[in-house]
Number of protein chains: 4
Amino acid sequence: MKILTIIGSSRENGNTEFLLNQAMQNVEHTQIRLNDYHIEPITDMRHTEEGFSPIDDDYEALLEQFLNHDLIIFVSPIYWFGMTGQMKLFFDRWSQYMRDERFEFKDKVKGKKAYVITAGGSNPYITGLPMIQQFGHIFDFVGMSFIDYVIGHAVKPGEIKEDPLALDKMNTWNQTLRNLSVPS
Amino acid sequence: MKILTIIGSSRENGNTEFLLNQAMQNVEHTQIRLNDYHIEPITDMRHTEEGFSPIDDDYEALLEQFLNHDLIIFVSPIYWFGMTGQMKLFFDRWSQYMRDERFEFKDKVKGKKAYVITAGGSNPYITGLPMIQQFGHIFDFVGMSFIDYVIGHAVKPGEIKEDPLALDKMNTWNQTLRNLSVPS
Amino acid sequence: MKILTIIGSSRENGNTEFLLNQAMQNVEHTQIRLNDYHIEPITDMRHTEEGFSPIDDDYEALLEQFLNHDLIIFVSPIYWFGMTGQMKLFFDRWSQYMRDERFEFKDKVKGKKAYVITAGGSNPYITGLPMIQQFGHIFDFVGMSFIDYVIGHAVKPGEIKEDPLALDKMNTWNQTLRNLSVPS
Amino acid sequence: MKILTIIGSSRENGNTEFLLNQAMQNVEHTQIRLNDYHIEPITDMRHTEEGFSPIDDDYEALLEQFLNHDLIIFVSPIYWFGMTGQMKLFFDRWSQYMRDERFEFKDKVKGKKAYVITAGGSNPYITGLPMIQQFGHIFDFVGMSFIDYVIGHAVKPGEIKEDPLALDKMNTWNQTLRNLSVPS
């Protein structure tokens, strides 16, 4: 199973990335940091005659990576009780490429396994749940399997190290992911 | 009461905008279409020594408009079971300016009244609720009052005209807003 | 269309019932007050050899009423951020009768239209949403259509009269329901 | 810290109870099975002159147990996308005793630690979240700390043994609980 991690954080080495690194020890995978790419917001042209126009940004390369992997780990801190804008831009553009025959999006996305890693403050185990529900609806809509998620309690850099439940879960994931991964 | 509408749609004259127009008939207000502005994704520098750097985009002008009004109507279609990326970028940058003394963000935001207009398909009255909860958490966090929201059922252009409950609600809002508005 | 209202409140003439009465003016319908019936909590016997035993209470009569109507309005105040225990007992027993051939539950329930009326305090437009999501999941699971819901803001008796949005919605429903109702 | 487990299941030795037993190995605690007690649904008398009347059931003994412990583990399978009716009846009656001076409910409940164990089918990691949100709102309202929850994926008896993530979490809890428990 080819594994991809998609990091939507705006800073490097943050709390969600710490969790990710725990889960990925000795797991073969590809990693994408959305901040390294230029992604334009979608312009919805679904209902126009001319349809979507090509956009001059890095999205298509990202999308190909996404479509060519079988298990995706989405990593985003909780920003304002939702995924980061960076990551939302990534999903929004799906609406454009679902209809683009070059990508066979609908066929390829179906059956992919999804994990979500997030962290935040302000009672995140409760206030983070609408975001988890959103991921759930997204994955349901396109036929991906939402395997699991973790919500860490951490705001300041490094604070996640004091969340034993989140760390334990990452160890458990690590066992599973080691068995699933293959050279990509 | 000075009223501001913030439109996060990526296309003009969509279903959420139709609802908005119903609500705003003869209501004095300022209107912002986020798509007309350039907003950079946030880079989280809260925990660095140097703090946030100035960003070369249109955000500060938008923020001033936001802070200078008393009642805000947020307008966004449901994209992938959440607000549009455009609108999420708007909120994410709050994290930067909450700490910027020039803006007195925390004082000014407190007590503002908020409305949300959204619309979508795929059983939006249920699948749209995590997004409404997210708005609720955002407004709670900064001390705004979440007055009301409407979820329209519409995907194709114009489809919202067949949602009588949403239209009725806009008429009700219109009565209220007419009484509240003052020349801004 | 045969219309049934199921009231799960523990007191008469409360705020949810006030909303209901607005919606039902001149609408032919049957009304059930769960408090007038004795409903035992379910004992889950799905996975036992002997299966469910007959229960000596009023449930089967209630269930027949439910199954013989086409449009159901569920009425429950928000108690502890959910439907009342009385109403939950009503749903829990579905698990018993879904498997009871005498009732043809699965066939009959499919396609029924559902409305929910609720009211509460403590920021009910947000904190009431998990309960609405729960109703949404229930109706999805059995194939009912969740037409609409109203969340009134009211705790003390009569307080609902000061919630104009809820009252307006009831007027809108009333127009629809008058057209749909037939002598039952 | 005195630990109490409150089981709301309608059958013994179910999947949630299996999880509970894993978490409680060698942990000193008191256990309550709601099904062994008679709990009447609440009749809301908050707004009447006469107030609440004494109810002839087992509730007060249960409530005393609840109030006399410091850390409570609520155990309920997901029935119809919510806690069992049995458990909801337990919470609903809080409204009666919050106002009963004999119990000092508000003072005593504040600061208690809460855990929730649940399990179900039909995509429980998503469809179980409204129930977790409900618990979150309940605990927030009375000032309890919602420490953690686990949602197991299991419908048939014993199926929970195939949910490694849930089992791992119970081991983690067990370490914590062993350290916290004291002879009660």
# chains A, B, ... in the order shown; residues from 1 in each chain; ligands from 1
>>> interface_residues(of="chain A", to="chain D", cutoff="12 Å", atoms="only C-alpha atoms", output="count of residues only")
42
>>> atom_distance(atom1="CA of Ala154 in chain B", atom2="CA of Met83 in chain B")
15.1 Å
>>> select_by_dssp(residues="range 54-154 of chain D", states="strand (DSSP E or B)", output="PDB file with all heavy atoms, in the first residue's frame")
ATOM      1  N   LEU D  71     -14.329  10.350  39.910  1.00  0.00           N
ATOM      2  CA  LEU D  71     -14.037  10.084  38.500  1.00  0.00           C
ATOM      3  C   LEU D  71     -15.082   9.083  38.023  1.00  0.00           C
ATOM      4  O   LEU D  71     -15.249   8.014  38.636  1.00  0.00           O
ATOM      5  CB  LEU D  71     -12.615   9.501  38.392  1.00  0.00           C
ATOM      6  CG  LEU D  71     -12.059   9.227  36.996  1.00  0.00           C
ATOM      7  CD1 LEU D  71     -10.535   9.206  37.025  1.00  0.00           C
ATOM      8  CD2 LEU D  71     -12.589   7.924  36.405  1.00  0.00           C
ATOM      9  N   ILE D  72     -15.797   9.475  36.987  1.00  0.00           N
ATOM     10  CA  ILE D  72     -16.937   8.670  36.549  1.00  0.00           C
ATOM     11  C   ILE D  72     -16.689   8.191  35.122  1.00  0.00           C
ATOM     12  O   ILE D  72     -16.349   8.989  34.244  1.00  0.00           O
ATOM     13  CB  ILE D  72     -18.246   9.491  36.558  1.00  0.00           C
ATOM     14  CG1 ILE D  72     -18.313  10.443  37.770  1.00  0.00           C
ATOM     15  CG2 ILE D  72     -19.454   8.585  36.450  1.00  0.00           C
ATOM     16  CD1 ILE D  72     -18.510   9.777  39.081  1.00  0.00           C
ATOM     17  N   ILE D  73     -16.904   6.911  34.896  1.00  0.00           N
ATOM     18  CA  ILE D  73     -16.815   6.366  33.538  1.00  0.00           C
ATOM     19  C   ILE D  73     -18.229   5.992  33.097  1.00  0.00           C
ATOM     20  O   ILE D  73     -18.849   5.093  33.671  1.00  0.00           O
ATOM     21  CB  ILE D  73     -15.876   5.148  33.497  1.00  0.00           C
ATOM     22  CG1 ILE D  73     -14.491   5.573  34.023  1.00  0.00           C
ATOM     23  CG2 ILE D  73     -15.780   4.587  32.084  1.00  0.00           C
ATOM     24  CD1 ILE D  73     -13.462   4.458  34.039  1.00  0.00           C
ATOM     25  N   PHE D  74     -18.723   6.711  32.112  1.00  0.00           N
ATOM     26  CA  PHE D  74     -20.066   6.455  31.581  1.00  0.00           C
ATOM     27  C   PHE D  74     -19.937   5.462  30.423  1.00  0.00           C
ATOM     28  O   PHE D  74     -19.169   5.693  29.492  1.00  0.00           O
ATOM     29  CB  PHE D  74     -20.701   7.752  31.079  1.00  0.00           C
ATOM     30  CG  PHE D  74     -20.979   8.747  32.170  1.00  0.00           C
ATOM     31  CD1 PHE D  74     -20.048   9.725  32.495  1.00  0.00           C
ATOM     32  CD2 PHE D  74     -22.164   8.695  32.887  1.00  0.00           C
ATOM     33  CE1 PHE D  74     -20.287  10.641  33.512  1.00  0.00           C
ATOM     34  CE2 PHE D  74     -22.421   9.615  33.912  1.00  0.00           C
ATOM     35  CZ  PHE D  74     -21.481  10.583  34.219  1.00  0.00           C
ATOM     36  N   VAL D  75     -20.701   4.403  30.493  1.00  0.00           N
ATOM     37  CA  VAL D  75     -20.574   3.304  29.535  1.00  0.00           C
ATOM     38  C   VAL D  75     -21.926   3.089  28.860  1.00  0.00           C
ATOM     39  O   VAL D  75     -22.903   2.754  29.533  1.00  0.00           O
ATOM     40  CB  VAL D  75     -20.144   2.011  30.258  1.00  0.00           C
ATOM     41  CG1 VAL D  75     -19.928   0.885  29.265  1.00  0.00           C
ATOM     42  CG2 VAL D  75     -18.886   2.262  31.092  1.00  0.00           C
ATOM     43  N   TYR D  79     -27.152   3.579  20.780  1.00  0.00           N
ATOM     44  CA  TYR D  79     -28.476   3.145  20.344  1.00  0.00           C
ATOM     45  C   TYR D  79     -29.074   4.287  19.551  1.00  0.00           C
ATOM     46  O   TYR D  79     -29.256   5.394  20.088  1.00  0.00           O
ATOM     47  CB  TYR D  79     -29.386   2.886  21.546  1.00  0.00           C
ATOM     48  CG  TYR D  79     -29.209   1.567  22.262  1.00  0.00           C
ATOM     49  CD1 TYR D  79     -28.210   0.660  21.907  1.00  0.00           C
ATOM     50  CD2 TYR D  79     -30.054   1.232  23.318  1.00  0.00           C
ATOM     51  CE1 TYR D  79     -28.071  -0.537  22.592  1.00  0.00           C
ATOM     52  CE2 TYR D  79     -29.916   0.037  24.006  1.00  0.00           C
ATOM     53  CZ  TYR D  79     -28.920  -0.843  23.636  1.00  0.00           C
ATOM     54  OH  TYR D  79     -28.795  -2.024  24.336  1.00  0.00           O
ATOM     55  N   GLY D  82     -27.309   7.670  19.743  1.00  0.00           N
ATOM     56  CA  GLY D  82     -27.230   8.401  21.005  1.00  0.00           C
ATOM     57  C   GLY D  82     -27.014   7.426  22.156  1.00  0.00           C
ATOM     58  O   GLY D  82     -26.945   6.213  21.959  1.00  0.00           O
ATOM     59  N   LYS D 113     -14.079  14.202  37.167  1.00  0.00           N
ATOM     60  CA  LYS D 113     -13.525  13.793  35.882  1.00  0.00           C
ATOM     61  C   LYS D 113     -14.470  12.802  35.208  1.00  0.00           C
ATOM     62  O   LYS D 113     -15.021  11.929  35.873  1.00  0.00           O
ATOM     63  CB  LYS D 113     -12.164  13.119  36.070  1.00  0.00           C
ATOM     64  CG  LYS D 113     -11.069  14.061  36.565  1.00  0.00           C
ATOM     65  CD  LYS D 113      -9.770  13.299  36.773  1.00  0.00           C
ATOM     66  CE  LYS D 113      -8.730  14.167  37.476  1.00  0.00           C
ATOM     67  NZ  LYS D 113      -8.404  15.403  36.757  1.00  0.00           N
ATOM     68  N   ALA D 114     -14.622  12.955  33.888  1.00  0.00           N
ATOM     69  CA  ALA D 114     -15.538  12.081  33.154  1.00  0.00           C
ATOM     70  C   ALA D 114     -14.834  11.382  31.998  1.00  0.00           C
ATOM     71  O   ALA D 114     -14.015  11.983  31.295  1.00  0.00           O
ATOM     72  CB  ALA D 114     -16.711  12.895  32.611  1.00  0.00           C
ATOM     73  N   TYR D 115     -15.154  10.105  31.837  1.00  0.00           N
ATOM     74  CA  TYR D 115     -14.755   9.322  30.674  1.00  0.00           C
ATOM     75  C   TYR D 115     -16.027   8.737  30.045  1.00  0.00           C
ATOM     76  O   TYR D 115     -16.999   8.483  30.751  1.00  0.00           O
ATOM     77  CB  TYR D 115     -13.863   8.146  31.079  1.00  0.00           C
ATOM     78  CG  TYR D 115     -12.464   8.494  31.521  1.00  0.00           C
ATOM     79  CD1 TYR D 115     -12.222   9.056  32.773  1.00  0.00           C
ATOM     80  CD2 TYR D 115     -11.365   8.243  30.696  1.00  0.00           C
ATOM     81  CE1 TYR D 115     -10.927   9.359  33.193  1.00  0.00           C
ATOM     82  CE2 TYR D 115     -10.066   8.534  31.116  1.00  0.00           C
ATOM     83  CZ  TYR D 115      -9.853   9.100  32.358  1.00  0.00           C
ATOM     84  OH  TYR D 115      -8.573   9.397  32.763  1.00  0.00           O
ATOM     85  N   VAL D 116     -15.991   8.495  28.757  1.00  0.00           N
ATOM     86  CA  VAL D 116     -17.119   7.856  28.083  1.00  0.00           C
ATOM     87  C   VAL D 116     -16.616   6.678  27.256  1.00  0.00           C
ATOM     88  O   VAL D 116     -15.653   6.810  26.499  1.00  0.00           O
ATOM     89  CB  VAL D 116     -17.874   8.848  27.171  1.00  0.00           C
ATOM     90  CG1 VAL D 116     -18.904   8.126  26.298  1.00  0.00           C
ATOM     91  CG2 VAL D 116     -18.549   9.932  28.003  1.00  0.00           C
ATOM     92  N   ILE D 117     -17.273   5.547  27.432  1.00  0.00           N
ATOM     93  CA  ILE D 117     -17.001   4.360  26.603  1.00  0.00           C
ATOM     94  C   ILE D 117     -18.250   4.059  25.792  1.00  0.00           C
ATOM     95  O   ILE D 117     -19.328   3.893  26.353  1.00  0.00           O
ATOM     96  CB  ILE D 117     -16.670   3.133  27.486  1.00  0.00           C
ATOM     97  CG1 ILE D 117     -15.343   3.350  28.222  1.00  0.00           C
ATOM     98  CG2 ILE D 117     -16.617   1.857  26.650  1.00  0.00           C
ATOM     99  CD1 ILE D 117     -14.978   2.218  29.185  1.00  0.00           C
ATOM    100  N   THR D 118     -18.108   3.976  24.500  1.00  0.00           N
ATOM    101  CA  THR D 118     -19.254   3.623  23.678  1.00  0.00           C
ATOM    102  C   THR D 118     -18.808   2.730  22.533  1.00  0.00           C
ATOM    103  O   THR D 118     -17.609   2.542  22.290  1.00  0.00           O
ATOM    104  CB  THR D 118     -20.004   4.872  23.168  1.00  0.00           C
ATOM    105  OG1 THR D 118     -21.250   4.451  22.599  1.00  0.00           O
ATOM    106  CG2 THR D 118     -19.212   5.628  22.121  1.00  0.00           C
ATOM    107  N   ALA D 119     -19.778   2.153  21.828  1.00  0.00           N
ATOM    108  CA  ALA D 119     -19.467   1.299  20.684  1.00  0.00           C
ATOM    109  C   ALA D 119     -20.729   1.166  19.848  1.00  0.00           C
ATOM    110  O   ALA D 119     -21.844   1.285  20.355  1.00  0.00           O
ATOM    111  CB  ALA D 119     -18.992  -0.075  21.135  1.00  0.00           C
ATOM    112  N   GLY D 120     -20.528   0.928  18.573  1.00  0.00           N
ATOM    113  CA  GLY D 120     -21.673   0.756  17.699  1.00  0.00           C
ATOM    114  C   GLY D 120     -21.230   0.418  16.290  1.00  0.00           C
ATOM    115  O   GLY D 120     -20.035   0.267  16.024  1.00  0.00           O
ATOM    116  N   SER D 145     -14.855  17.697  34.064  1.00  0.00           N
ATOM    117  CA  SER D 145     -13.796  17.658  33.051  1.00  0.00           C
ATOM    118  C   SER D 145     -13.945  16.402  32.202  1.00  0.00           C
ATOM    119  O   SER D 145     -13.919  15.292  32.729  1.00  0.00           O
ATOM    120  CB  SER D 145     -12.422  17.602  33.705  1.00  0.00           C
ATOM    121  OG  SER D 145     -12.214  18.720  34.503  1.00  0.00           O
ATOM    122  N   PHE D 146     -14.085  16.598  30.912  1.00  0.00           N
ATOM    123  CA  PHE D 146     -14.247  15.465  29.993  1.00  0.00           C
ATOM    124  C   PHE D 146     -12.844  15.012  29.585  1.00  0.00           C
ATOM    125  O   PHE D 146     -12.222  15.589  28.707  1.00  0.00           O
ATOM    126  CB  PHE D 146     -15.049  15.923  28.788  1.00  0.00           C
ATOM    127  CG  PHE D 146     -15.567  14.818  27.908  1.00  0.00           C
ATOM    128  CD1 PHE D 146     -16.392  15.126  26.826  1.00  0.00           C
ATOM    129  CD2 PHE D 146     -15.267  13.488  28.142  1.00  0.00           C
ATOM    130  CE1 PHE D 146     -16.895  14.134  25.999  1.00  0.00           C
ATOM    131  CE2 PHE D 146     -15.771  12.482  27.329  1.00  0.00           C
ATOM    132  CZ  PHE D 146     -16.583  12.814  26.256  1.00  0.00           C
ATOM    133  N   ILE D 147     -12.354  13.984  30.237  1.00  0.00           N
ATOM    134  CA  ILE D 147     -10.965  13.570  30.038  1.00  0.00           C
ATOM    135  C   ILE D 147     -10.772  12.883  28.690  1.00  0.00           C
ATOM    136  O   ILE D 147      -9.872  13.231  27.926  1.00  0.00           O
ATOM    137  CB  ILE D 147     -10.505  12.627  31.163  1.00  0.00           C
ATOM    138  CG1 ILE D 147     -10.755  13.269  32.523  1.00  0.00           C
ATOM    139  CG2 ILE D 147      -9.023  12.287  30.989  1.00  0.00           C
ATOM    140  CD1 ILE D 147      -9.993  14.537  32.777  1.00  0.00           C
ATOM    141  N   ASP D 148     -11.601  11.892  28.382  1.00  0.00           N
ATOM    142  CA  ASP D 148     -11.399  11.169  27.125  1.00  0.00           C
ATOM    143  C   ASP D 148     -12.625  10.320  26.839  1.00  0.00           C
ATOM    144  O   ASP D 148     -13.480  10.113  27.700  1.00  0.00           O
ATOM    145  CB  ASP D 148     -10.161  10.268  27.232  1.00  0.00           C
ATOM    146  CG  ASP D 148      -9.598   9.894  25.848  1.00  0.00           C
ATOM    147  OD1 ASP D 148     -10.002  10.517  24.844  1.00  0.00           O
ATOM    148  OD2 ASP D 148      -8.757   8.983  25.783  1.00  0.00           O
ATOM    149  N   TYR D 149     -12.700   9.846  25.608  1.00  0.00           N
ATOM    150  CA  TYR D 149     -13.765   8.927  25.226  1.00  0.00           C
ATOM    151  C   TYR D 149     -13.188   7.919  24.251  1.00  0.00           C
ATOM    152  O   TYR D 149     -12.155   8.171  23.623  1.00  0.00           O
ATOM    153  CB  TYR D 149     -14.941   9.674  24.575  1.00  0.00           C
ATOM    154  CG  TYR D 149     -14.554  10.451  23.327  1.00  0.00           C
ATOM    155  CD1 TYR D 149     -14.537   9.854  22.073  1.00  0.00           C
ATOM    156  CD2 TYR D 149     -14.197  11.794  23.420  1.00  0.00           C
ATOM    157  CE1 TYR D 149     -14.159  10.583  20.944  1.00  0.00           C
ATOM    158  CE2 TYR D 149     -13.814  12.512  22.304  1.00  0.00           C
ATOM    159  CZ  TYR D 149     -13.800  11.912  21.071  1.00  0.00           C
ATOM    160  OH  TYR D 149     -13.422  12.627  19.968  1.00  0.00           O
ATOM    161  N   VAL D 150     -13.861   6.793  24.155  1.00  0.00           N
ATOM    162  CA  VAL D 150     -13.489   5.809  23.138  1.00  0.00           C
ATOM    163  C   VAL D 150     -14.763   5.377  22.426  1.00  0.00           C
ATOM    164  O   VAL D 150     -15.814   5.214  23.047  1.00  0.00           O
ATOM    165  CB  VAL D 150     -12.786   4.588  23.768  1.00  0.00           C
ATOM    166  CG1 VAL D 150     -13.689   3.858  24.758  1.00  0.00           C
ATOM    167  CG2 VAL D 150     -12.319   3.618  22.682  1.00  0.00           C
ATOM    168  N   ILE D 151     -14.660   5.297  21.104  1.00  0.00           N
ATOM    169  CA  ILE D 151     -15.770   4.773  20.299  1.00  0.00           C
ATOM    170  C   ILE D 151     -15.286   3.474  19.671  1.00  0.00           C
ATOM    171  O   ILE D 151     -14.383   3.481  18.831  1.00  0.00           O
ATOM    172  CB  ILE D 151     -16.168   5.749  19.170  1.00  0.00           C
ATOM    173  CG1 ILE D 151     -16.534   7.126  19.733  1.00  0.00           C
ATOM    174  CG2 ILE D 151     -17.302   5.184  18.335  1.00  0.00           C
ATOM    175  CD1 ILE D 151     -16.847   8.181  18.650  1.00  0.00           C
ATOM    176  N   GLY D 152     -15.833   2.357  20.119  1.00  0.00           N
ATOM    177  CA  GLY D 152     -15.479   1.076  19.514  1.00  0.00           C
ATOM    178  C   GLY D 152     -16.370   0.767  18.326  1.00  0.00           C
ATOM    179  O   GLY D 152     -17.511   1.223  18.249  1.00  0.00           O
ATOM    180  N   HIS D 153     -15.829  -0.004  17.397  1.00  0.00           N
ATOM    181  CA  HIS D 153     -16.628  -0.428  16.246  1.00  0.00           C
ATOM    182  C   HIS D 153     -17.059  -1.860  16.481  1.00  0.00           C
ATOM    183  O   HIS D 153     -16.271  -2.791  16.327  1.00  0.00           O
ATOM    184  CB  HIS D 153     -15.805  -0.308  14.957  1.00  0.00           C
ATOM    185  CG  HIS D 153     -16.649  -0.554  13.743  1.00  0.00           C
ATOM    186  ND1 HIS D 153     -16.189  -0.519  12.464  1.00  0.00           N
ATOM    187  CD2 HIS D 153     -17.974  -0.821  13.628  1.00  0.00           C
ATOM    188  CE1 HIS D 153     -17.166  -0.757  11.615  1.00  0.00           C
ATOM    189  NE2 HIS D 153     -18.257  -0.950  12.292  1.00  0.00           N
TER     190      HIS D 153
END
>>> residues_around(residues="range 56-64 of chain B", least_positions_apart="6", cutoff="9 Å", atoms="only C-alpha atoms", output="tab-separated table (two decimals) with all heavy atoms, in the first residue's frame")
chain	number	residue	atom	x	y	z
B	32	ILE	N	-18.66	43.22	0.90
B	32	ILE	CA	-17.31	42.80	0.50
B	32	ILE	C	-17.39	41.44	-0.17
B	32	ILE	O	-18.04	40.53	0.35
B	32	ILE	CB	-16.40	42.67	1.75
B	32	ILE	CG1	-16.00	44.05	2.27
B	32	ILE	CG2	-15.15	41.85	1.43
B	32	ILE	CD1	-15.20	44.01	3.55
B	34	LEU	N	-14.95	38.59	-1.10
B	34	LEU	CA	-13.56	38.21	-0.80
B	34	LEU	C	-12.77	37.92	-2.07
B	34	LEU	O	-11.56	38.18	-2.13
B	34	LEU	CB	-13.52	36.98	0.12
B	34	LEU	CG	-14.06	37.20	1.54
B	34	LEU	CD1	-14.02	35.90	2.35
B	34	LEU	CD2	-13.28	38.29	2.27
B	37	TYR	N	-10.35	40.41	-3.50
B	37	TYR	CA	-9.17	40.79	-2.71
B	37	TYR	C	-8.16	39.65	-2.72
B	37	TYR	O	-8.52	38.48	-2.88
B	37	TYR	CB	-9.57	41.10	-1.26
B	37	TYR	CG	-10.49	42.29	-1.16
B	37	TYR	CD1	-11.86	42.15	-1.34
B	37	TYR	CD2	-9.98	43.56	-0.90
B	37	TYR	CE1	-12.71	43.24	-1.26
B	37	TYR	CE2	-10.82	44.65	-0.82
B	37	TYR	CZ	-12.19	44.49	-1.00
B	37	TYR	OH	-13.02	45.57	-0.92
B	38	HIS	N	-6.94	40.04	-2.54
B	38	HIS	CA	-5.88	39.03	-2.43
B	38	HIS	C	-5.60	38.78	-0.94
B	38	HIS	O	-5.24	39.70	-0.21
B	38	HIS	CB	-4.62	39.54	-3.15
B	38	HIS	CG	-3.46	38.63	-3.00
B	38	HIS	ND1	-3.47	37.33	-3.48
B	38	HIS	CD2	-2.25	38.79	-2.40
B	38	HIS	CE1	-2.32	36.75	-3.21
B	38	HIS	NE2	-1.56	37.61	-2.54
B	39	ILE	N	-5.83	37.54	-0.50
B	39	ILE	CA	-5.58	37.18	0.90
B	39	ILE	C	-4.61	36.02	0.94
B	39	ILE	O	-4.88	34.95	0.41
B	39	ILE	CB	-6.87	36.74	1.63
B	39	ILE	CG1	-7.98	37.79	1.47
B	39	ILE	CG2	-6.58	36.49	3.10
B	39	ILE	CD1	-9.28	37.37	2.14
B	40	GLU	N	-3.49	36.22	1.56
B	40	GLU	CA	-2.51	35.15	1.71
B	40	GLU	C	-2.92	34.22	2.85
B	40	GLU	O	-3.48	34.66	3.86
B	40	GLU	CB	-1.13	35.76	2.06
B	40	GLU	CG	-0.38	36.32	0.88
B	40	GLU	CD	0.10	35.23	-0.07
B	40	GLU	OE1	0.71	34.25	0.42
B	40	GLU	OE2	-0.14	35.35	-1.28
B	90	PHE	N	-9.76	34.11	5.34
B	90	PHE	CA	-10.11	35.33	6.05
B	90	PHE	C	-10.05	35.12	7.57
B	90	PHE	O	-9.48	35.93	8.30
B	90	PHE	CB	-11.52	35.81	5.64
B	90	PHE	CG	-12.01	36.99	6.43
B	90	PHE	CD1	-11.57	38.27	6.13
B	90	PHE	CD2	-12.90	36.82	7.48
B	90	PHE	CE1	-12.02	39.37	6.88
B	90	PHE	CE2	-13.34	37.92	8.22
B	90	PHE	CZ	-12.90	39.19	7.92
B	93	ARG	N	-6.37	34.41	9.30
B	93	ARG	CA	-5.49	35.55	9.54
B	93	ARG	C	-5.87	36.34	10.81
B	93	ARG	O	-5.08	37.15	11.29
B	93	ARG	CB	-5.49	36.48	8.30
B	93	ARG	CG	-4.77	35.86	7.10
B	93	ARG	CD	-3.26	35.91	7.22
B	93	ARG	NE	-2.76	37.27	7.14
B	93	ARG	CZ	-2.68	37.97	6.01
B	93	ARG	NH1	-3.03	37.42	4.85
B	93	ARG	NH2	-2.22	39.19	6.02
B	94	TRP	N	-7.06	36.10	11.33
B	94	TRP	CA	-7.39	36.70	12.63
B	94	TRP	C	-6.29	36.40	13.65
B	94	TRP	O	-5.99	37.25	14.51
B	94	TRP	CB	-8.72	36.15	13.16
B	94	TRP	CG	-9.95	36.76	12.56
B	94	TRP	CD1	-10.03	37.58	11.47
B	94	TRP	CD2	-11.30	36.61	13.03
B	94	TRP	NE1	-11.34	37.93	11.23
B	94	TRP	CE2	-12.14	37.34	12.18
B	94	TRP	CE3	-11.89	35.90	14.09
B	94	TRP	CZ2	-13.53	37.40	12.35
B	94	TRP	CZ3	-13.26	35.95	14.26
B	94	TRP	CH2	-14.07	36.70	13.40
B	97	TYR	N	-3.76	39.08	13.59
B	97	TYR	CA	-4.13	40.45	13.97
B	97	TYR	C	-4.74	40.57	15.36
B	97	TYR	O	-4.85	41.68	15.89
B	97	TYR	CB	-5.03	41.06	12.88
B	97	TYR	CG	-4.24	41.30	11.62
B	97	TYR	CD1	-4.23	40.38	10.58
B	97	TYR	CD2	-3.42	42.42	11.53
B	97	TYR	CE1	-3.45	40.59	9.45
B	97	TYR	CE2	-2.64	42.64	10.40
B	97	TYR	CZ	-2.66	41.72	9.36
B	97	TYR	OH	-1.87	41.93	8.26
B	103	PHE	N	-4.82	47.31	15.82
B	103	PHE	CA	-6.21	47.04	15.43
B	103	PHE	C	-7.19	46.91	16.59
B	103	PHE	O	-8.38	46.94	16.38
B	103	PHE	CB	-6.27	45.79	14.55
B	103	PHE	CG	-5.66	46.00	13.20
B	103	PHE	CD1	-4.32	45.76	12.96
B	103	PHE	CD2	-6.44	46.49	12.16
B	103	PHE	CE1	-3.76	45.98	11.71
B	103	PHE	CE2	-5.90	46.72	10.90
B	103	PHE	CZ	-4.54	46.47	10.67
>>> residues_around(residues="Pro157 in chain B", least_positions_apart="2", cutoff="9 Å", atoms="only C-alpha atoms", output="list in words")
His47 of chain A; Asn13, Gly14, Asn15, Ala154, Val155, Glu159 and Ile160 of chain B
>>> write_last_selection(atoms="N, CA, C and O atoms", output="short mmCIF file (atom, residue, chain, number, x, y, z; two decimals), in the first residue's frame")
data_model
loop_
_atom_site.label_atom_id
_atom_site.label_comp_id
_atom_site.auth_asym_id
_atom_site.auth_seq_id
_atom_site.Cartn_x
_atom_site.Cartn_y
_atom_site.Cartn_z
N HIS A 47 -21.14 25.27 -13.51
CA HIS A 47 -22.44 25.49 -14.16
C HIS A 47 -22.35 26.49 -15.29
O HIS A 47 -23.34 27.10 -15.66
N ASN B 13 -23.49 35.98 -8.13
CA ASN B 13 -24.90 35.71 -8.34
C ASN B 13 -25.29 34.26 -8.10
O ASN B 13 -26.18 33.73 -8.75
N GLY B 14 -24.62 33.64 -7.17
CA GLY B 14 -24.94 32.25 -6.83
C GLY B 14 -26.13 32.18 -5.89
O GLY B 14 -26.80 33.19 -5.61
N ASN B 15 -26.37 30.99 -5.39
CA ASN B 15 -27.55 30.77 -4.57
C ASN B 15 -27.47 31.48 -3.22
O ASN B 15 -28.46 32.02 -2.74
N ALA B 154 -29.60 23.97 -2.40
CA ALA B 154 -29.44 24.40 -3.79
C ALA B 154 -28.04 24.07 -4.26
O ALA B 154 -27.06 24.31 -3.54
N VAL B 155 -27.93 23.57 -5.45
CA VAL B 155 -26.63 23.33 -6.06
C VAL B 155 -26.51 24.12 -7.36
O VAL B 155 -25.63 24.96 -7.51
N GLU B 159 -31.39 27.42 -8.23
CA GLU B 159 -32.15 26.37 -7.57
C GLU B 159 -32.73 26.82 -6.23
O GLU B 159 -33.74 26.28 -5.75
N ILE B 160 -32.09 27.80 -5.63
CA ILE B 160 -32.52 28.25 -4.31
C ILE B 160 -33.94 28.82 -4.35
O ILE B 160 -34.64 28.86 -3.33
#
>>> select_by_dssp(residues="range 87-158 of chain C", states="alpha helix (DSSP H)", output="ChimeraX atom specification")
/C:87-92,94-97,105-109,124-127,129-142
